[in-house]
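Enquirer: Data file input.pdb (PDB, C-alpha atoms) is appended below.
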```
ATOM      1  CA  GLY A   1      12.953  53.220  25.118  1.00  0.00           C
ATOM      2  CA  ILE A   2      16.471  52.180  24.378  1.00  0.00           C
ATOM      3  CA  THR A   3      16.548  53.902  21.003  1.00  0.00           C
ATOM      4  CA  SER A   4      16.033  57.314  22.604  1.00  0.00           C
ATOM      5  CA  ARG A   5      19.635  57.053  23.851  1.00  0.00           C
ATOM      6  CA  LEU A   6      21.092  56.085  20.474  1.00  0.00           C
ATOM      7  CA  ARG A   7      21.741  57.827  17.149  1.00  0.00           C
ATOM      8  CA  SER A   8      21.509  56.408  13.667  1.00  0.00           C
ATOM      9  CA  ALA A   9      24.888  56.375  11.926  1.00  0.00           C
ATOM     10  CA  GLN A  10      23.060  56.857   8.614  1.00  0.00           C
ATOM     11  CA  ASP A  11      21.258  59.985   9.853  1.00  0.00           C
ATOM     12  CA  ALA A  12      24.475  61.444  11.262  1.00  0.00           C
ATOM     13  CA  ALA A  13      26.971  60.617   8.512  1.00  0.00           C
ATOM     14  CA  GLY A  14      25.275  58.544   5.841  1.00  0.00           C
ATOM     15  CA  ASP A  15      25.869  58.512   2.134  1.00  0.00           C
ATOM     16  CA  GLY A  16      22.557  58.552   0.270  1.00  0.00           C
ATOM     17  CA  PHE A  17      19.225  57.388   1.624  1.00  0.00           C
ATOM     18  CA  GLY A  18      20.494  54.203   3.257  1.00  0.00           C
ATOM     19  CA  PHE A  19      17.731  52.062   1.775  1.00  0.00           C
ATOM     20  CA  SER A  20      18.414  48.382   2.476  1.00  0.00           C
ATOM     21  CA  TRP A  21      15.164  46.512   1.838  1.00  0.00           C
ATOM     22  CA  PRO A  22      14.173  44.700  -0.298  1.00  0.00           C
ATOM     23  CA  ALA A  23      17.610  43.805  -1.586  1.00  0.00           C
ATOM     24  CA  GLY A  24      16.569  43.641  -5.258  1.00  0.00           C
ATOM     25  CA  LEU A  25      15.317  47.240  -5.386  1.00  0.00           C
ATOM     26  CA  PRO A  26      15.745  48.891  -1.969  1.00  0.00           C
ATOM     27  CA  VAL A  27      13.094  51.494  -1.155  1.00  0.00           C
ATOM     28  CA  VAL A  28      13.015  51.405   2.672  1.00  0.00           C
ATOM     29  CA  ARG A  29      15.649  51.974   5.354  1.00  0.00           C
ATOM     30  CA  ILE A  30      14.825  49.382   8.012  1.00  0.00           C
ATOM     31  CA  ASP A  31      18.369  48.245   8.852  1.00  0.00           C
ATOM     32  CA  GLN A  32      20.250  50.554  11.198  1.00  0.00           C
ATOM     33  CA  ILE A  33      23.584  50.919  12.906  1.00  0.00           C
ATOM     34  CA  LEU A  34      22.784  52.629  16.192  1.00  0.00           C
ATOM     35  CA  ILE A  35      25.574  54.356  18.085  1.00  0.00           C
ATOM     36  CA  ARG A  36      26.328  56.008  21.399  1.00  0.00           C
ATOM     37  CA  GLY A  37      29.639  57.279  22.705  1.00  0.00           C
ATOM     38  CA  VAL A  38      31.367  57.224  19.299  1.00  0.00           C
ATOM     39  CA  GLU A  39      31.359  59.521  16.276  1.00  0.00           C
ATOM     40  CA  PRO A  40      30.198  58.237  12.904  1.00  0.00           C
ATOM     41  CA  GLU A  41      32.507  59.248  10.065  1.00  0.00           C
ATOM     42  CA  SER A  42      30.485  57.598   7.301  1.00  0.00           C
ATOM     43  CA  SER A  43      27.705  55.087   6.738  1.00  0.00           C
ATOM     44  CA  TRP A  44      26.683  53.238   3.592  1.00  0.00           C
ATOM     45  CA  VAL A  45      24.772  50.299   2.136  1.00  0.00           C
ATOM     46  CA  LEU A  46      26.724  47.380   0.678  1.00  0.00           C
ATOM     47  CA  PRO A  47      25.817  45.332  -2.417  1.00  0.00           C
ATOM     48  CA  ALA A  48      23.261  42.539  -2.182  1.00  0.00           C
ATOM     49  CA  THR A  49      24.484  39.240  -0.738  1.00  0.00           C
ATOM     50  CA  GLY A  50      21.613  36.830  -1.394  1.00  0.00           C
ATOM     51  CA  SER A  51      19.637  37.940   1.675  1.00  0.00           C
ATOM     52  CA  ASP A  52      16.406  39.885   1.299  1.00  0.00           C
ATOM     53  CA  HIS A  53      18.181  42.809   3.039  1.00  0.00           C
ATOM     54  CA  ARG A  54      21.342  44.580   1.925  1.00  0.00           C
ATOM     55  CA  PRO A  55      24.056  44.853   4.579  1.00  0.00           C
ATOM     56  CA  VAL A  56      24.879  48.242   6.097  1.00  0.00           C
ATOM     57  CA  ALA A  57      28.271  49.465   7.286  1.00  0.00           C
ATOM     58  CA  ALA A  58      29.699  52.431   9.151  1.00  0.00           C
ATOM     59  CA  ARG A  59      33.089  53.884   9.942  1.00  0.00           C
ATOM     60  CA  ILE A  60      33.295  55.228  13.487  1.00  0.00           C
ATOM     61  CA  SER A  61      35.883  57.016  15.590  1.00  0.00           C
ATOM     62  CA  TRP A  62      36.321  57.714  19.272  1.00  0.00           C
TER
END
```
Before anything else, please render the file you have as structure tokens.
Expert:
Amino acid sequence: GITSRLRSAQDAAGDGFGFSWPAGLPVVRIDQILIRGVEPESSWVLPATGSDHRPVAARISW
């Protein structure tokens, strides 16, 4: 599948577990930033926004 060619930014450079769901008390990492051809420098989960998932972010470099 397509994911076999991609890496998780959280696995490669994440801070903490990366749990993003449910937003109120995250216990599962179901939201991913998948990368290929770039290097992850960091990855983290942002504060809740009103969604049932917390947003995720990553800093990447070439």
Enquirer: Write out as an MDAnalysis selection string each polymer residue whose atoms come within 12 Å of range 23-28 of chain A, counting all atoms listed in the file; drop sequence neighbours fewer than 5 positions from it.
Expert: chainID A and resid 16:18 45:56
Enquirer: Those residues you just picked out, can you put them in a file as a short mmCIF file (atom, residue, chain, number, x, y, z; two decimals), in the coordinates of the input with C-alpha atoms?
Expert:
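Contents of the output file again_10.cif:
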```
data_model
loop_
_atom_site.label_atom_id
_atom_site.label_comp_id
_atom_site.auth_asym_id
_atom_site.auth_seq_id
_atom_site.Cartn_x
_atom_site.Cartn_y
_atom_site.Cartn_z
CA GLY A 16 22.56 58.55 0.27
CA PHE A 17 19.23 57.39 1.62
CA GLY A 18 20.49 54.20 3.26
CA VAL A 45 24.77 50.30 2.14
CA LEU A 46 26.72 47.38 0.68
CA PRO A 47 25.82 45.33 -2.42
CA ALA A 48 23.26 42.54 -2.18
CA THR A 49 24.48 39.24 -0.74
CA GLY A 50 21.61 36.83 -1.39
CA SER A 51 19.64 37.94 1.68
CA ASP A 52 16.41 39.88 1.30
CA HIS A 53 18.18 42.81 3.04
CA ARG A 54 21.34 44.58 1.92
CA PRO A 55 24.06 44.85 4.58
CA VAL A 56 24.88 48.24 6.10
#
```
Enquirer: Rounded to one decimal place, report the CA of Gly37 in chain A-CA of Trp21 in chain A distance in Å.
Expert: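 Distance reported for this atom pair: 27.6 Å.
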Enquirer: Work out how far apart CA of Ser8 in chain A and CA of Ser42 in chain A are and give it in Å to one decimal.
Expert: 11.1 Å
Enquirer: Identify all residues satisfying the PyMOL selection byres ((chain A and resi 58) around 7) in the given file; provide them as a list of chain:residue names.
Expert: A:Ala9, A:Pro40, A:Ser42, A:Ser43, A:Trp44, A:Ala57, A:Arg59, A:Ile60
Enquirer: Take the residues just selected and output them with C-alpha atoms as a CSV table (one decimal), in the frame of the given file.
Expert:
```csv
chain,number,residue,atom,x,y,z
A,9,ALA,CA,24.9,56.4,11.9
A,40,PRO,CA,30.2,58.2,12.9
A,42,SER,CA,30.5,57.6,7.3
A,43,SER,CA,27.7,55.1,6.7
A,44,TRP,CA,26.7,53.2,3.6
A,57,ALA,CA,28.3,49.5,7.3
A,59,ARG,CA,33.1,53.9,9.9
A,60,ILE,CA,33.3,55.2,13.5
```
Enquirer: In Å to one decimal, how far is CA of Arg7 in chain A from CA of Leu34 in chain A?
Expert: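 Answer for the CA of Leu34 in chain A to CA of Arg7 in chain A separation: 5.4 Å.
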Enquirer: Residues picked by the PyMOL selection byres ((chain A and resi 2) around 12) here, as a ChimeraX atom specification?
Expert: /A:1,3-7,34-36
Enquirer: Counting all atoms listed in the file, which residues have an atom no more than 7 Å from (33.0, 60.4, 14.1) in the file's coordinates? Please list them as a PDB file with C-alpha atoms, in the frame of the given file.
Expert:
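The result, stored in out.pdb:
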```
ATOM      1  CA  VAL A  38      31.367  57.224  19.299  1.00  0.00           C
ATOM      2  CA  GLU A  39      31.359  59.521  16.276  1.00  0.00           C
ATOM      3  CA  PRO A  40      30.198  58.237  12.904  1.00  0.00           C
ATOM      4  CA  GLU A  41      32.507  59.248  10.065  1.00  0.00           C
ATOM      5  CA  ILE A  60      33.295  55.228  13.487  1.00  0.00           C
ATOM      6  CA  SER A  61      35.883  57.016  15.590  1.00  0.00           C
ATOM      7  CA  TRP A  62      36.321  57.714  19.272  1.00  0.00           C
TER       8      TRP A  62
END
```
